[in-house]
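Chemist: work.cif is reproduced in full below (mmCIF, C-alpha atoms).
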```cif
data_input
loop_
_atom_site.label_atom_id
_atom_site.label_comp_id
_atom_site.auth_asym_id
_atom_site.auth_seq_id
_atom_site.Cartn_x
_atom_site.Cartn_y
_atom_site.Cartn_z
CA MET Y 62 6.76 -25.55 9.30
CA PRO Y 63 10.17 -27.27 9.25
CA ALA Y 64 13.21 -25.13 8.42
CA LEU Y 65 13.69 -24.74 4.67
CA PRO Y 66 16.80 -26.29 3.09
CA LEU Y 67 19.64 -23.84 2.43
CA ASP Y 68 19.16 -23.72 -1.36
CA GLU Y 69 15.53 -22.70 -0.96
CA ALA Y 70 15.95 -20.44 2.08
CA GLY Y 71 18.88 -18.71 0.39
CA LYS Y 72 16.57 -17.31 -2.32
CA TYR Y 73 14.30 -15.69 0.25
CA VAL Y 74 17.22 -14.25 2.25
CA ALA Y 75 18.81 -12.89 -0.94
CA ALA Y 76 15.48 -11.38 -1.99
CA ALA Y 77 15.07 -9.60 1.36
CA TYR Y 78 18.58 -8.11 1.29
CA LEU Y 79 18.14 -7.14 -2.38
CA VAL Y 80 14.96 -5.25 -1.44
CA PHE Y 81 17.00 -3.26 1.07
CA LEU Y 82 19.71 -2.60 -1.51
CA ALA Y 83 17.09 -1.57 -4.09
CA LEU Y 84 15.52 0.90 -1.65
CA ILE Y 85 18.89 2.50 -0.98
CA LEU Y 86 19.75 2.63 -4.69
CA ILE Y 87 16.38 4.17 -5.59
CA TYR Y 88 16.91 6.77 -2.89
CA VAL Y 89 20.44 7.54 -4.11
CA ALA Y 90 19.13 7.84 -7.69
CA ILE Y 91 16.41 10.29 -6.60
CA MET Y 92 18.97 12.34 -4.66
CA ALA Y 93 21.31 12.30 -7.67
CA VAL Y 94 18.55 13.80 -9.83
CA LYS Y 95 17.96 16.49 -7.17
CA LEU Y 96 21.69 17.21 -6.99
CA GLY Y 97 21.81 17.55 -10.77
CA ARG Y 98 18.99 20.10 -10.60
CA ILE Y 99 20.78 22.06 -7.87
CA GLU Y 100 24.02 22.04 -9.86
CA LYS Y 101 22.22 23.27 -12.99
CA GLU Y 102 20.60 26.10 -11.06
CA LEU Y 103 23.91 27.05 -9.43
CA VAL Y 104 25.63 27.28 -12.82
CA GLU Y 105 22.75 29.45 -14.08
CA LEU Y 106 22.98 31.74 -11.03
CA ASN Y 107 26.76 32.00 -11.37
CA GLU Y 108 26.36 33.12 -14.98
CA LEU Y 109 23.76 35.67 -13.89
CA ALA Y 110 26.10 37.00 -11.20
CA ASP Y 111 28.94 37.26 -13.75
CA ARG Y 112 26.72 39.20 -16.16
CA ALA Y 113 25.56 41.50 -13.36
CA GLU Y 114 29.18 42.21 -12.42
CA GLU Y 115 30.17 42.89 -16.04
CA SER Y 116 27.34 45.37 -16.55
CA LYS Y 117 28.43 47.39 -13.49
CA MET X 146 23.96 23.69 8.15
CA TYR X 147 22.76 20.12 7.81
CA GLY X 148 25.71 18.99 5.73
CA LYS X 149 28.06 19.46 8.68
CA GLY X 150 29.46 16.16 9.95
CA MET X 151 27.96 14.24 7.02
CA ARG X 152 31.21 12.63 5.96
CA PRO X 153 32.09 10.89 9.28
CA LEU X 154 28.45 9.97 9.74
CA ALA X 155 28.17 8.43 6.26
CA ILE X 156 31.48 6.57 6.67
CA GLY X 157 30.43 5.35 10.13
CA THR X 158 27.07 4.18 8.77
CA PHE X 159 28.74 2.32 5.92
CA PHE X 160 31.16 0.50 8.24
CA VAL X 161 28.59 -0.38 10.91
CA LEU X 162 26.05 -1.66 8.35
CA THR X 163 28.68 -3.58 6.38
CA GLY X 164 30.02 -4.99 9.65
CA ALA X 165 26.51 -6.00 10.70
CA PHE X 166 25.90 -7.84 7.42
CA ALA X 167 29.30 -9.51 7.68
CA LEU X 168 28.37 -10.72 11.17
CA VAL X 169 25.01 -11.95 9.83
CA PHE X 170 26.52 -14.07 7.07
CA PHE X 171 29.92 -15.09 8.44
CA TRP X 172 29.70 -15.20 12.22
CA VAL X 173 26.27 -15.71 13.76
CA PRO X 174 25.04 -19.33 13.70
CA ALA X 175 21.87 -20.29 11.87
CA ASP X 176 18.78 -20.50 14.06
CA ALA X 177 18.07 -24.06 15.22
CA ASP X 178 14.35 -23.71 14.56
CA GLN X 179 14.08 -21.51 11.46
CA GLY X 180 17.38 -22.26 9.80
CA PHE X 181 18.88 -19.88 7.25
CA ILE X 182 15.75 -17.72 6.70
CA GLN X 183 16.22 -16.31 10.21
CA LYS X 184 18.98 -14.13 8.67
CA ILE X 185 16.16 -11.91 7.35
CA PHE X 186 15.42 -11.02 10.97
CA TYR X 187 18.63 -8.92 11.24
CA LEU X 188 17.34 -6.69 8.46
CA HIS X 189 13.58 -6.75 8.92
CA VAL X 190 13.39 -6.07 12.68
CA PRO X 191 15.86 -3.14 12.79
CA MET X 192 14.07 -1.57 9.81
CA ALA X 193 10.71 -1.90 11.57
CA ILE X 194 12.05 -0.55 14.90
CA VAL X 195 13.85 2.40 13.29
CA ALA X 196 10.76 3.18 11.16
CA LEU X 197 8.60 3.31 14.30
CA GLY X 198 11.29 5.38 16.04
CA GLY X 199 11.29 7.76 13.05
CA PHE X 200 7.52 8.20 13.33
CA ILE X 201 7.85 9.01 17.04
CA ALA X 202 10.76 11.40 16.32
CA GLY X 203 8.53 13.12 13.75
CA GLY X 204 5.91 13.58 16.47
CA VAL X 205 8.47 15.04 18.91
CA MET X 206 9.70 17.47 16.22
CA ALA X 207 6.09 18.42 15.53
CA ILE X 208 5.68 19.28 19.25
CA CYS X 209 8.72 21.56 18.92
CA HIS X 210 7.09 23.15 15.86
CA LEU X 211 3.85 23.90 17.67
CA ARG X 212 5.71 25.18 20.75
CA THR X 213 8.12 27.47 18.89
CA GLY X 214 6.22 28.22 15.68
CA ASN X 215 9.53 27.78 13.85
CA SER X 216 8.93 26.22 10.42
CA LYS X 217 12.28 24.42 10.45
CA TRP X 218 10.79 21.95 12.97
CA ASP X 219 7.95 21.24 10.57
CA LEU X 220 10.49 20.47 7.85
CA ARG X 221 12.45 18.22 10.22
CA SER X 222 9.27 16.39 11.23
CA TYR X 223 8.25 16.01 7.57
CA VAL X 224 11.63 14.55 6.57
CA SER X 225 11.67 12.21 9.58
CA ILE X 226 8.22 10.82 8.71
CA HIS X 227 9.19 10.62 5.04
CA MET X 228 12.33 8.58 5.80
CA ALA X 229 10.45 6.38 8.30
CA LEU X 230 7.87 5.59 5.61
CA VAL X 231 10.64 4.41 3.28
CA LEU X 232 11.98 2.10 5.99
CA ALA X 233 8.44 0.93 6.80
CA VAL X 234 7.99 -0.12 3.16
CA GLY X 235 11.24 -2.10 3.48
CA ALA X 236 10.06 -3.69 6.73
CA LEU X 237 6.72 -4.70 5.17
CA ILE X 238 8.33 -6.23 2.07
CA THR X 239 11.10 -8.08 3.92
CA GLY X 240 8.55 -9.24 6.52
CA SER X 241 6.36 -10.60 3.76
CA ILE X 242 9.31 -12.46 2.23
CA TRP X 243 10.13 -13.96 5.62
CA ALA X 244 6.46 -14.91 6.20
CA ARG X 245 6.33 -16.70 2.84
CA ALA X 246 9.42 -18.72 3.71
CA ALA X 247 8.48 -19.40 7.35
CA TRP X 248 4.68 -19.72 7.24
CA GLY X 249 4.04 -20.43 3.57
CA HIS X 250 1.94 -17.23 3.21
CA TRP X 251 2.92 -13.73 2.13
CA TRP X 252 0.59 -12.21 4.68
CA VAL X 253 -1.41 -13.46 7.68
CA TRP X 254 -4.40 -11.30 8.52
CA ASP X 255 -5.06 -12.66 12.04
CA GLU X 256 -1.56 -11.85 13.28
CA PRO X 257 -1.69 -8.65 15.43
CA THR X 258 1.95 -7.64 14.85
CA LEU X 259 1.60 -7.62 11.07
CA VAL X 260 -1.80 -5.98 10.93
CA SER X 261 -0.92 -3.34 13.53
CA PHE X 262 2.25 -2.40 11.63
CA LEU X 263 0.22 -2.16 8.43
CA ILE X 264 -2.29 0.10 10.21
CA VAL X 265 0.53 2.38 11.42
CA PHE X 266 1.99 2.42 7.90
CA LEU X 267 -1.36 3.24 6.29
CA LEU X 268 -1.98 5.92 8.90
CA TYR X 269 1.30 7.62 7.99
CA ALA X 270 0.66 7.05 4.30
CA THR X 271 -2.13 9.64 4.67
CA TYR X 272 0.32 12.24 6.01
CA GLN X 273 1.49 13.49 2.62
CA PRO X 274 -2.01 13.60 1.02
CA LEU X 275 -3.16 15.50 4.12
CA ARG X 276 -0.42 18.07 3.62
CA PHE X 277 -1.13 18.30 -0.09
CA ALA X 278 -4.83 18.90 0.59
CA ILE X 279 -4.07 22.11 2.53
CA GLU X 280 -2.99 25.01 0.37
CA ASP X 281 -2.11 27.61 2.99
CA PRO X 282 1.50 26.80 4.14
CA GLU X 283 0.87 28.01 7.70
CA LYS X 284 -2.23 25.89 8.11
CA GLN X 285 -0.55 22.97 6.36
CA ALA X 286 2.36 23.02 8.81
CA ARG X 287 0.10 23.35 11.84
CA TYR X 288 -2.36 20.61 10.87
CA ALA X 289 0.49 18.30 9.81
CA SER X 290 2.12 18.81 13.22
CA VAL X 291 -1.12 17.95 15.01
CA PHE X 292 -1.36 14.82 12.86
CA ALA X 293 2.28 13.89 13.52
CA ILE X 294 1.83 14.25 17.30
CA THR X 295 -1.42 12.25 17.40
CA ALA X 296 -0.08 9.51 15.14
CA GLY X 297 3.26 9.54 16.99
CA ALA X 298 1.45 8.93 20.29
CA PHE X 299 -0.46 6.09 18.63
CA VAL X 300 2.75 4.23 17.73
CA PRO X 301 3.87 3.20 21.30
CA LEU X 302 0.25 2.58 22.33
CA ASN X 303 -0.17 0.30 19.36
CA PHE X 304 3.12 -1.44 20.17
CA LEU X 305 2.01 -2.08 23.77
CA ALA X 306 -1.41 -3.32 22.68
CA VAL X 307 0.21 -5.82 20.33
CA ARG X 308 2.57 -6.97 23.09
CA MET X 309 -0.39 -7.67 25.36
CA ALA X 310 -2.30 -9.57 22.66
CA GLU X 311 -2.40 -13.36 22.84
CA SER X 312 -2.05 -16.17 20.29
CA LEU X 313 0.96 -14.67 18.58
CA ALA X 314 2.55 -16.51 15.71
CA HIS X 315 4.99 -13.69 15.01
CA PRO X 316 8.28 -14.26 16.88
CA ARG X 317 9.15 -11.91 19.72
CA VAL X 318 12.63 -10.46 19.52
CA LEU X 319 12.89 -8.20 22.53
CA GLY X 320 10.87 -9.66 25.38
CA ALA X 321 10.71 -12.11 28.25
CA THR X 322 10.76 -15.17 26.01
CA GLY X 323 12.18 -14.12 22.64
CA GLY X 324 14.84 -11.96 24.23
CA ALA X 325 16.77 -15.01 25.39
CA MET X 326 18.88 -15.07 22.24
CA PRO X 327 22.37 -16.53 22.22
CA SER X 328 24.98 -13.81 22.69
CA GLU X 329 26.16 -13.98 19.03
CA MET X 330 22.61 -13.34 17.82
CA ARG X 331 22.06 -10.56 20.32
CA ILE X 332 25.30 -8.77 19.43
CA THR X 333 24.59 -9.09 15.70
CA PHE X 334 21.06 -7.85 16.17
CA TYR X 335 22.16 -4.78 18.15
CA VAL X 336 24.91 -3.96 15.62
CA SER X 337 22.29 -4.18 12.84
CA LEU X 338 19.95 -1.97 14.85
CA ILE X 339 22.68 0.66 15.41
CA GLY X 340 23.60 0.49 11.69
CA MET X 341 19.98 1.01 10.65
CA ALA X 342 19.57 3.91 13.10
CA LEU X 343 22.75 5.50 11.71
CA LEU X 344 21.44 5.01 8.16
CA PHE X 345 18.22 6.76 9.13
CA ILE X 346 20.12 9.72 10.65
CA THR X 347 22.44 9.94 7.62
CA LEU X 348 19.58 9.93 5.12
CA TRP X 349 17.63 12.40 7.28
CA LYS X 350 20.60 14.79 7.32
CA TYR X 351 21.16 14.25 3.60
CA GLU X 352 17.54 15.11 2.78
CA MET X 353 17.59 18.12 5.13
CA ALA X 354 20.82 19.37 3.52
CA SER X 355 19.24 18.99 0.07
CA LYS X 356 16.11 20.92 1.07
CA HIS X 357 18.17 23.59 2.83
CA THR X 358 20.40 24.03 -0.25
CA THR X 359 17.35 24.34 -2.50
CA ALA X 360 15.98 27.05 -0.20
CA GLN X 361 19.31 28.88 -0.20
CA LEU X 362 19.34 28.76 -4.01
CA ARG X 363 15.89 30.33 -4.11
CA ILE X 364 17.10 33.10 -1.80
CA LEU X 365 20.15 33.66 -4.04
CA ARG X 366 17.99 33.72 -7.16
CA ARG X 367 15.73 36.32 -5.57
CA ARG X 368 18.73 38.44 -4.59
CA LEU X 369 20.00 38.36 -8.17
CA LEU X 370 16.73 38.64 -10.07
CA GLY X 371 14.30 40.16 -7.59
CA ASP X 372 10.93 38.71 -6.62
CA ASP X 373 9.89 38.29 -10.28
CA GLY X 374 12.84 35.98 -10.96
CA VAL X 375 11.65 33.37 -8.48
CA ALA X 376 9.00 31.08 -9.89
CA PRO X 377 6.19 30.27 -7.46
CA THR X 378 6.69 26.85 -5.87
CA GLY X 379 3.08 25.82 -6.41
CA ARG X 380 1.08 23.46 -4.29
CA SER X 381 3.19 20.85 -2.57
CA ALA X 382 3.00 18.30 0.23
CA ALA X 383 6.52 19.27 1.30
CA PRO X 384 6.85 22.16 3.72
CA SER X 385 7.46 25.45 1.97
CA THR X 386 11.21 25.91 2.21
CA VAL X 387 12.10 28.80 4.43
CA LEU X 388 12.18 31.94 2.29
CA PRO X 389 12.38 35.02 4.48
CA ALA X 390 10.80 38.25 3.35
CA ARG X 391 13.12 40.33 1.22
CA PRO X 392 14.21 43.47 3.08
CA LYS X 393 12.99 46.70 1.58
CA PRO X 394 15.82 48.80 0.13
#
```
Show me, as structure tokens, the structure contained in the file I just sent.

Modeler:
Amino acid sequence: MPALPLDEAGKYVAAAYLVFLALILIYVAIMAVKLGRIEKELVELNELADRAEESK
Amino acid sequence: MYGKGMRPLAIGTFFVLTGAFALVFFWVPADADQGFIQKIFYLHVPMAIVALGGFIAGGVMAICHLRTGNSKWDLRSYVSIHMALVLAVGALITGSIWARAAWGHWWVWDEPTLVSFLIVFLLYATYQPLRFAIEDPEKQARYASVFAITAGAFVPLNFLAVRMAESLAHPRVLGATGGAMPSEMRITFYVSLIGMALLFITLWKYEMASKHTTAQLRILRRRLLGDDGVAPTGRSAAPSTVLPARPKP
């Protein structure tokens, strides 16, 4: 097949690089959710540790 | 501690990948034969190579797991295969986009490179269901390691078999014929490859740090609340995060 003109080829190239960007963003979003969960649990454990110290 | 050295690694990855993409769009000339769509090559090929490398690395880590019996190697192997699968999905999608632009078809079934990569991908896609199917964590880790080693050995064999196959429509990047790229293309390709490898290592470390932190939190929760305070993890495809037995008082 002959090389596609720039205006048509550009769409495909942009799509490929956007797929890469989307994969990274999805991964970052998933990790952000995990980080949120870890933070929530840490806060909870900190409160528990405070209460345990107070009751001593 | 998997978070150690994350900052320089992440910054390095960002600069190398950004530099690679800058070279792709502002420095390297368009391919005389394919034109502008050849720019996909600097993304698709490194992703495919690093994905295959990740599968092999998973196999090597699985060997370490079986040799030492240390569950941290199983976790490392699991994360490596997990990250490689993500990159393999990217390689398949970007490859399909390139094929549509270059060949007029999203997929060509009689092309050994495409089909063999799909076979490797589907093989590894069974890794997580395999793990999930085994309830006992010890058995799960052992069987998953055997799978990772066998499948990891299959990757280079598959690669060689495809190289030896004839009537290839898929371009060869690193080889006797396709390797004769102009120096600008070669430099850009290798920078992209290094960037992708760095991205893989960064994400691998990131994921490991996340899993390690979660395990540490479980240990802390048990120290504060006792064994009853820690909810059972339930059945999972992910390796059971290392939770050492609580010492008897």

Chemist: Wanna dump the region 208-262 of chain X-region 86-101 of chain Y contacts at 12 Å for me, each residue with its shortest atom pair and the distance in Å to one decimal, counting all atoms listed in the file, ordered by chain and number, as JSON lines?

Modeler:
```
{"residue": "X:His227", "atom": "CA", "partner": "Y:Tyr88", "partner_atom": "CA", "distance": 11.7}
{"residue": "X:Met228", "atom": "CA", "partner": "Y:Tyr88", "partner_atom": "CA", "distance": 10.0}
{"residue": "X:Val231", "atom": "CA", "partner": "Y:Tyr88", "partner_atom": "CA", "distance": 9.1}
{"residue": "X:Leu232", "atom": "CA", "partner": "Y:Tyr88", "partner_atom": "CA", "distance": 11.2}
```

Chemist: Rounded to one decimal place, report the CA of Lys72 (chain Y)-CA of Trp243 (chain X) distance in Å.

Modeler: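 CA of Trp243 (chain X) lies at a distance of 10.8 Å from CA of Lys72 (chain Y).
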
Chemist: Could you list, as a short mmCIF file (atom, residue, chain, number, x, y, z; two decimals) with C-alpha atoms, in the coordinates of the input, every residue of chain X that has an atom within 6 Å of an atom of chain Y, counting all atoms listed in the file?

Modeler:
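Wrote part15.cif, looks like this:
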```cif
data_model
loop_
_atom_site.label_atom_id
_atom_site.label_comp_id
_atom_site.auth_asym_id
_atom_site.auth_seq_id
_atom_site.Cartn_x
_atom_site.Cartn_y
_atom_site.Cartn_z
CA GLN X 179 14.08 -21.51 11.46
CA GLY X 180 17.38 -22.26 9.80
CA PHE X 181 18.88 -19.88 7.25
CA ILE X 182 15.75 -17.72 6.70
CA ILE X 185 16.16 -11.91 7.35
CA THR X 239 11.10 -8.08 3.92
#
```

Chemist: Do you have the CA of Ser261 (chain X)-CA of Ser241 (chain X) distance handy?

Modeler: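 Separation of CA of Ser261 (chain X) and CA of Ser241 (chain X): 14.2 Å.
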
Chemist: In Å, rounded to a single decimal, give me how far CA of Phe299 (chain X) is from CA of Arg380 (chain X).

Modeler: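 Straight-line distance from CA of Arg380 (chain X) to CA of Phe299 (chain X) works out to 28.8 Å.
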
Chemist: Could you pull the residues within 12 Å of Val253 (chain X), counting only C-alpha atoms, minus those fewer than 3 positions along the same chain, as an NGL selection string?

Modeler: :X and (240-241 or 243-245 or 247-250 or 256-261 or 263 or 313-315)

Chemist: Kindly indicate which residue among X:Met151, X:Leu197, X:Ile238, X:Leu302 lies nearest to Thr347 (chain X), using only C-alpha atoms for the distances.

Modeler: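 The shortest atom-to-atom distance to Thr347 (chain X) comes from X:Met151.
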